[in-house]
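What follows is target05.pdb (PDB, C-alpha atoms, pLDDT in the B column).
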```pdb
MODEL        1
ATOM      1  CA  MET A  23     154.196 172.450 109.714  1.00 56.00           C
ATOM      2  CA  THR A  24     152.686 169.060 108.990  1.00 60.00           C
ATOM      3  CA  THR A  25     151.046 168.158 105.737  1.00 57.00           C
ATOM      4  CA  PRO A  26     147.485 166.877 106.065  1.00 56.00           C
ATOM      5  CA  ALA A  27     147.183 163.174 105.397  1.00 55.00           C
ATOM      6  CA  THR A  28     145.708 162.150 102.084  1.00 57.00           C
ATOM      7  CA  VAL A  29     142.705 159.878 102.389  1.00 60.00           C
ATOM      8  CA  VAL A  30     143.213 156.831 100.205  1.00 62.00           C
ATOM      9  CA  GLU A  31     140.176 154.755  99.404  1.00 72.00           C
ATOM     10  CA  ILE A  32     140.732 151.056  99.840  1.00 80.00           C
ATOM     11  CA  PRO A  33     138.069 148.693  98.490  1.00 85.00           C
ATOM     12  CA  THR A  34     136.234 146.543 100.990  1.00 88.00           C
ATOM     13  CA  ALA A  35     134.463 143.254 100.384  1.00 91.00           C
ATOM     14  CA  GLU A  36     131.117 145.064 100.629  1.00 93.00           C
ATOM     15  CA  LEU A  37     132.097 147.599  97.939  1.00 93.00           C
ATOM     16  CA  ALA A  38     133.473 144.835  95.704  1.00 94.00           C
ATOM     17  CA  ALA A  39     130.171 142.944  96.015  1.00 95.00           C
ATOM     18  CA  VAL A  40     128.140 146.067  95.197  1.00 95.00           C
ATOM     19  CA  ALA A  41     130.307 146.698  92.114  1.00 93.00           C
ATOM     20  CA  TRP A  42     129.670 143.117  90.922  1.00 94.00           C
ATOM     21  CA  LEU A  43     125.923 143.234  91.650  1.00 95.00           C
ATOM     22  CA  LYS A  44     125.563 146.435  89.622  1.00 93.00           C
ATOM     23  CA  THR A  45     126.818 144.596  86.514  1.00 92.00           C
ATOM     24  CA  ILE A  46     123.839 142.203  86.575  1.00 92.00           C
ATOM     25  CA  PRO A  47     121.423 143.709  84.024  1.00 89.00           C
ATOM     26  CA  ALA A  48     118.226 142.776  85.874  1.00 85.00           C
ATOM     27  CA  ILE A  49     119.516 144.450  89.048  1.00 87.00           C
ATOM     28  CA  GLY A  50     121.035 147.463  87.350  1.00 78.00           C
ATOM     29  CA  HIS A  51     123.335 150.250  88.345  1.00 76.00           C
ATOM     30  CA  GLY A  52     121.116 152.036  90.830  1.00 81.00           C
ATOM     31  CA  HIS A  53     119.644 149.063  92.657  1.00 93.00           C
ATOM     32  CA  ALA A  54     122.476 147.708  94.806  1.00 95.00           C
ATOM     33  CA  ALA A  55     124.299 149.385  97.700  1.00 94.00           C
ATOM     34  CA  THR A  56     125.374 148.939 101.298  1.00 94.00           C
ATOM     35  CA  ARG A  57     122.230 150.730 102.549  1.00 95.00           C
ATOM     36  CA  LEU A  58     118.588 150.711 101.535  1.00 93.00           C
ATOM     37  CA  PRO A  59     117.493 154.061 100.060  1.00 92.00           C
ATOM     38  CA  ARG A  60     114.835 155.892 102.045  1.00 88.00           C
ATOM     39  CA  ASP A  61     112.849 156.712  98.910  1.00 88.00           C
ATOM     40  CA  THR A  62     110.930 153.484  98.259  1.00 87.00           C
ATOM     41  CA  GLU A  63     109.502 154.874  95.014  1.00 87.00           C
ATOM     42  CA  SER A  64     112.993 154.870  93.434  1.00 88.00           C
ATOM     43  CA  TRP A  65     113.251 151.068  93.679  1.00 90.00           C
ATOM     44  CA  ALA A  66     109.672 149.784  94.187  1.00 88.00           C
ATOM     45  CA  ASP A  67     109.336 148.558  90.588  1.00 88.00           C
ATOM     46  CA  THR A  68     112.627 146.654  90.543  1.00 90.00           C
ATOM     47  CA  GLY A  69     113.521 145.788  94.128  1.00 93.00           C
ATOM     48  CA  PHE A  70     116.847 146.484  95.777  1.00 96.00           C
ATOM     49  CA  VAL A  71     119.848 144.421  96.912  1.00 97.00           C
ATOM     50  CA  VAL A  72     121.723 145.478 100.056  1.00 96.00           C
ATOM     51  CA  VAL A  73     125.144 144.062 100.902  1.00 96.00           C
ATOM     52  CA  GLU A  74     124.767 143.987 104.670  1.00 92.00           C
ATOM     53  CA  ALA A  75     127.979 142.526 106.018  1.00 83.00           C
ATOM     54  CA  ASP A  76     131.203 140.676 105.348  1.00 83.00           C
ATOM     55  CA  VAL A  77     130.483 137.791 107.710  1.00 82.00           C
ATOM     56  CA  ALA A  78     133.365 135.380 107.127  1.00 80.00           C
ATOM     57  CA  GLY A  79     136.215 134.326 104.918  1.00 78.00           C
ATOM     58  CA  PRO A  80     139.887 133.538 105.298  1.00 73.00           C
ATOM     59  CA  GLN A  81     142.296 136.416 104.860  1.00 72.00           C
ATOM     60  CA  ASN A  82     145.948 135.934 104.021  1.00 70.00           C
ATOM     61  CA  PRO A  83     148.183 138.957 104.640  1.00 70.00           C
ATOM     62  CA  HIS A  84     150.774 137.573 102.211  1.00 71.00           C
ATOM     63  CA  VAL A  85     148.458 137.151  99.213  1.00 72.00           C
ATOM     64  CA  PRO A  86     146.542 140.110  97.720  1.00 74.00           C
ATOM     65  CA  TRP A  87     143.408 138.030  97.052  1.00 83.00           C
ATOM     66  CA  HIS A  88     140.364 138.100  99.267  1.00 86.00           C
ATOM     67  CA  GLU A  89     137.746 135.437  99.822  1.00 89.00           C
ATOM     68  CA  SER A  90     134.770 136.924 101.596  1.00 91.00           C
ATOM     69  CA  VAL A  91     131.355 135.591 102.557  1.00 94.00           C
ATOM     70  CA  LEU A  92     128.789 138.369 102.435  1.00 95.00           C
ATOM     71  CA  GLN A  93     125.227 138.550 103.650  1.00 96.00           C
ATOM     72  CA  LEU A  94     122.858 139.986 101.056  1.00 97.00           C
ATOM     73  CA  ALA A  95     119.315 141.226 101.620  1.00 96.00           C
ATOM     74  CA  CYS A  96     117.009 141.376  98.599  1.00 96.00           C
ATOM     75  CA  TYR A  97     114.063 143.733  99.116  1.00 95.00           C
ATOM     76  CA  GLY A  98     110.679 143.854  97.433  1.00 93.00           C
ATOM     77  CA  ALA A  99     108.093 146.547  98.117  1.00 89.00           C
ATOM     78  CA  ASN A 100     104.431 147.208  97.411  1.00 85.00           C
ATOM     79  CA  PRO A 101     104.106 150.921  98.179  1.00 81.00           C
ATOM     80  CA  ASP A 102     100.353 150.977  97.470  1.00 81.00           C
ATOM     81  CA  ARG A 103      99.499 147.799  99.380  1.00 80.00           C
ATOM     82  CA  LEU A 104      99.920 146.469 102.883  1.00 78.00           C
ATOM     83  CA  THR A 105     101.341 143.136 101.742  1.00 83.00           C
ATOM     84  CA  PRO A 106     105.086 142.599 101.170  1.00 87.00           C
ATOM     85  CA  ASN A 107     106.212 141.751  97.624  1.00 90.00           C
ATOM     86  CA  TRP A 108     107.740 138.321  98.291  1.00 93.00           C
ATOM     87  CA  ALA A 109     107.823 137.483  94.583  1.00 94.00           C
ATOM     88  CA  ARG A 110     110.069 140.450  93.789  1.00 94.00           C
ATOM     89  CA  SER A 111     112.506 139.882  96.671  1.00 95.00           C
ATOM     90  CA  GLY A 112     112.701 136.160  95.885  1.00 96.00           C
ATOM     91  CA  ARG A 113     113.301 136.875  92.197  1.00 95.00           C
ATOM     92  CA  LEU A 114     116.199 139.200  93.036  1.00 95.00           C
ATOM     93  CA  ALA A 115     117.795 136.536  95.220  1.00 96.00           C
ATOM     94  CA  GLN A 116     117.459 134.006  92.391  1.00 96.00           C
ATOM     95  CA  LEU A 117     119.014 136.489  89.943  1.00 94.00           C
ATOM     96  CA  VAL A 118     122.084 136.747  92.177  1.00 95.00           C
ATOM     97  CA  ILE A 119     122.368 132.960  92.266  1.00 95.00           C
ATOM     98  CA  GLU A 120     121.937 132.672  88.480  1.00 93.00           C
ATOM     99  CA  ALA A 121     124.563 135.349  87.849  1.00 93.00           C
ATOM    100  CA  SER A 122     127.027 133.494  90.058  1.00 92.00           C
ATOM    101  CA  LEU A 123     126.315 130.165  88.335  1.00 89.00           C
ATOM    102  CA  GLN A 124     126.854 131.769  84.922  1.00 88.00           C
ATOM    103  CA  ASP A 125     130.166 133.334  86.029  1.00 83.00           C
ATOM    104  CA  TRP A 126     128.701 136.766  85.293  1.00 83.00           C
ATOM    105  CA  ALA A 127     131.193 139.630  84.828  1.00 84.00           C
ATOM    106  CA  LEU A 128     134.135 137.688  86.193  1.00 87.00           C
ATOM    107  CA  ASN A 129     137.674 138.991  85.596  1.00 84.00           C
ATOM    108  CA  GLU A 130     136.431 142.421  84.530  1.00 87.00           C
ATOM    109  CA  LEU A 131     137.836 145.580  86.088  1.00 88.00           C
ATOM    110  CA  LEU A 132     135.035 147.054  88.200  1.00 89.00           C
ATOM    111  CA  PRO A 133     135.252 150.489  89.825  1.00 88.00           C
ATOM    112  CA  VAL A 134     134.007 150.591  93.412  1.00 86.00           C
ATOM    113  CA  ARG A 135     133.290 154.316  92.938  1.00 80.00           C
ATOM    114  CA  THR A 136     133.570 156.647  89.973  1.00 77.00           C
ATOM    115  CA  GLY A 137     137.237 157.498  89.597  1.00 76.00           C
ATOM    116  CA  GLY A 138     138.133 155.299  92.565  1.00 78.00           C
ATOM    117  CA  PRO A 139     140.069 152.074  92.866  1.00 84.00           C
ATOM    118  CA  ARG A 140     139.027 149.043  90.869  1.00 90.00           C
ATOM    119  CA  VAL A 141     138.538 145.407  91.804  1.00 92.00           C
ATOM    120  CA  ARG A 142     138.533 142.168  89.875  1.00 93.00           C
ATOM    121  CA  ILE A 143     135.989 139.514  90.854  1.00 94.00           C
ATOM    122  CA  THR A 144     137.287 136.048  89.987  1.00 92.00           C
ATOM    123  CA  GLY A 145     134.517 133.992  91.548  1.00 92.00           C
ATOM    124  CA  ALA A 146     131.087 134.332  93.095  1.00 94.00           C
ATOM    125  CA  TRP A 147     129.020 131.474  94.444  1.00 93.00           C
ATOM    126  CA  PRO A 148     126.049 131.126  96.807  1.00 95.00           C
ATOM    127  CA  GLN A 149     126.701 129.744 100.279  1.00 95.00           C
ATOM    128  CA  THR A 150     123.040 129.439 101.289  1.00 95.00           C
ATOM    129  CA  THR A 151     119.697 129.240  99.575  1.00 95.00           C
ATOM    130  CA  PRO A 152     117.540 132.369  99.727  1.00 96.00           C
ATOM    131  CA  ARG A 153     115.434 132.470 102.885  1.00 95.00           C
ATOM    132  CA  ARG A 154     112.516 134.696 103.794  1.00 94.00           C
ATOM    133  CA  ASP A 155     113.124 137.049 106.666  1.00 91.00           C
ATOM    134  CA  THR A 156     109.687 137.241 108.270  1.00 85.00           C
ATOM    135  CA  GLU A 157     111.145 139.033 111.306  1.00 82.00           C
ATOM    136  CA  ASP A 158     112.122 142.174 109.388  1.00 72.00           C
ATOM    137  CA  PRO A 159     110.360 145.123 111.071  1.00 68.00           C
ATOM    138  CA  SER A 160     109.677 146.962 107.801  1.00 75.00           C
ATOM    139  CA  ASP A 161     106.724 146.404 105.501  1.00 80.00           C
ATOM    140  CA  TYR A 162     109.113 145.130 102.847  1.00 90.00           C
ATOM    141  CA  ALA A 163     109.641 141.565 101.742  1.00 93.00           C
ATOM    142  CA  VAL A 164     113.220 140.473 102.405  1.00 95.00           C
ATOM    143  CA  HIS A 165     115.037 137.380 101.186  1.00 96.00           C
ATOM    144  CA  ARG A 166     118.537 136.877 102.613  1.00 96.00           C
ATOM    145  CA  LEU A 167     121.373 134.779 101.258  1.00 96.00           C
ATOM    146  CA  ASP A 168     125.087 134.424 101.797  1.00 96.00           C
ATOM    147  CA  LEU A 169     127.403 134.871  98.827  1.00 95.00           C
ATOM    148  CA  ALA A 170     131.100 133.981  98.656  1.00 95.00           C
ATOM    149  CA  LEU A 171     133.195 136.365  96.610  1.00 94.00           C
ATOM    150  CA  HIS A 172     136.771 135.842  95.460  1.00 93.00           C
ATOM    151  CA  TRP A 173     138.231 139.232  94.592  1.00 92.00           C
ATOM    152  CA  ALA A 174     141.346 141.378  94.409  1.00 90.00           C
ATOM    153  CA  GLN A 175     142.093 145.062  94.432  1.00 87.00           C
ATOM    154  CA  VAL A 176     143.629 146.061  91.113  1.00 86.00           C
ATOM    155  CA  ASP A 177     144.870 149.583  91.831  1.00 74.00           C
ATOM    156  CA  THR A 178     147.107 149.260  94.875  1.00 65.00           C
ATOM    157  CA  PRO A 179     147.931 152.558  96.568  1.00 59.00           C
ATOM    158  CA  ASN A 180     151.129 153.104  98.497  1.00 56.00           C
ATOM    159  CA  LEU A 181     149.729 153.622 101.999  1.00 57.00           C
ATOM    160  CA  ILE A 182     153.021 153.657 103.855  1.00 55.00           C
ATOM    161  CA  GLY A 183     154.830 156.343 101.873  1.00 57.00           C
ATOM    162  CA  GLU A 184     158.355 156.563 100.651  1.00 59.00           C
ATOM    163  CA  PRO A 185     161.238 155.538 102.899  1.00 57.00           C
ATOM    164  CA  GLU A 186     163.343 158.348 104.318  1.00 59.00           C
ATOM    165  CA  SER A 187     166.802 158.630 102.852  1.00 56.00           C
TER     166      SER A 187
ENDMDL
END
```
Translate this structure into structure tokens?
Amino acid sequence: MTTPATVVEIPTAELAAVAWLKTIPAIGHGHAATRLPRDTESWADTGFVVVEADVAGPQNPHVPWHESVLQLACYGANPDRLTPNWARSGRLAQLVIEASLQDWALNELLPVRTGGPRVRITGAWPQTTPRRDTEDPSDYAVHRLDLALHWAQVDTPNLIGEPES
């Protein structure tokens, strides 16, 4: 009889970026993720930052550090109006840039999920200036920017198992 495989969570660049974004006080714990929540009311007053993709970055299989370039989308909404809230989405994008310039929460142990593995962010810096996405099909205002993140997984699981004797 075979033993079912244990699922081991391994942090990704997207999860590391979300963990770092949640430490920025003006963004807050519940206003950054890899998907936009369906309930606009839960984030309409503050905006929301979505880590959309890990778009680039060199990876070295011999060094446990990662350098990723991530695309972020900063959303602003006006639920009671027909006009997008460009001021809110632009402000969120600027907050991300300011946090990176101030070396916010660097070298802290950040959990990617409650009780899950932790990461250490050692650098974050903008790769592009925030740009309006006027082609977004939603009624939301969206500013996009690319952010480089230098990070490492702190809790390294043994994925291979023990050698047979």
Once the PyMOL selection byres ((chain A and resi 139) around 9) has been applied to the shown file, what residues remain in the selection, as a CSV table (one decimal) with C-alpha atoms, in the frame of the given file?
```csv
chain,number,residue,atom,x,y,z
A,31,GLU,CA,140.2,154.8,99.4
A,32,ILE,CA,140.7,151.1,99.8
A,33,PRO,CA,138.1,148.7,98.5
A,132,LEU,CA,135.0,147.1,88.2
A,133,PRO,CA,135.3,150.5,89.8
A,134,VAL,CA,134.0,150.6,93.4
A,135,ARG,CA,133.3,154.3,92.9
A,136,THR,CA,133.6,156.6,90.0
A,137,GLY,CA,137.2,157.5,89.6
A,138,GLY,CA,138.1,155.3,92.6
A,140,ARG,CA,139.0,149.0,90.9
A,141,VAL,CA,138.5,145.4,91.8
A,175,GLN,CA,142.1,145.1,94.4
A,176,VAL,CA,143.6,146.1,91.1
A,177,ASP,CA,144.9,149.6,91.8
A,178,THR,CA,147.1,149.3,94.9
A,179,PRO,CA,147.9,152.6,96.6
```
| query | CA of Ala39 (chain A) and CA of Val71 (chain A), how far apart in Å? | reply |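 Between these atoms lies a distance of 10.5 Å.
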| remark: re CA of Val73 (chain A) and CA of Gln93 (chain A): distance 6.2 Å
| query | Just how far from CA of Pro80 (chain A) is CA of Ala35 (chain A), in Å to one decimal? | reply |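 A separation of 12.2 Å between them.
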| message | I'd like the residues picked by the PyMOL selection byres ((chain A and resi 109) around 12) written out as a list in words, using the chain letters and numbers from the file. | response | Asp67, Thr68, Gly69, Cys96, Tyr97, Gly98, Ala99, Asn100, Thr105, Pro106, Asn107, Trp108, Arg110, Ser111, Gly112, Arg113, Leu114, Ala115, Gln116, Arg154, Tyr162, Ala163, Val164 and His165 of chain A
Go ahead and fit an axis-aligned box to every listed atom of region 52-64 of chain A plus 8 Å each side, and pass me the centre and edge lengths in Å, one decimal, as JSON.
```
{"center_x": 117.4, "center_y": 152.2, "center_z": 96.7, "size_x": 31.9, "size_y": 25.0, "size_z": 27.7}
```
| query | Got a sec: who's within 10 Å of Arg142 (chain A), counting only C-alpha atoms, leaving out chain neighbours fewer than 5 positions off, as a list in words? | reply | Ala38, Ala41, Trp42, Trp87, Ala127, Leu128, Asn129, Glu130, Leu131, Leu132, Pro133, His172, Trp173, Ala174, Gln175, Val176 and Asp177 of chain A
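For Leu43 (chain A), the non-local neighbours within 8 Å, defined as residues at least 5 positions apart in the same chain or in other chains and counting only C-alpha atoms, are Ile49, Gly50, Ala54 and Val118 of chain A.
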| Residue with smallest distance to Gln124 (chain A) - pool A:Ala78, A:His88, A:Leu104, A:Trp147, counting only C-alpha atoms |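 Smallest distance to Gln124 (chain A) is found for A:Trp147.
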| task | Can you give me, as an NGL selection string, the residues this file yields under the PyMOL selection byres ((chain A and resi 77) around 9)? | result | :A and (74-76 or 78-79 or 90-93 or 168)
| field | Selected residue, from A:Asp125, A:Asp61, A:Glu36, A:Glu120, that lies nearest to Glu89 (chain A) when counting all atoms listed in the file | value | A:Glu36
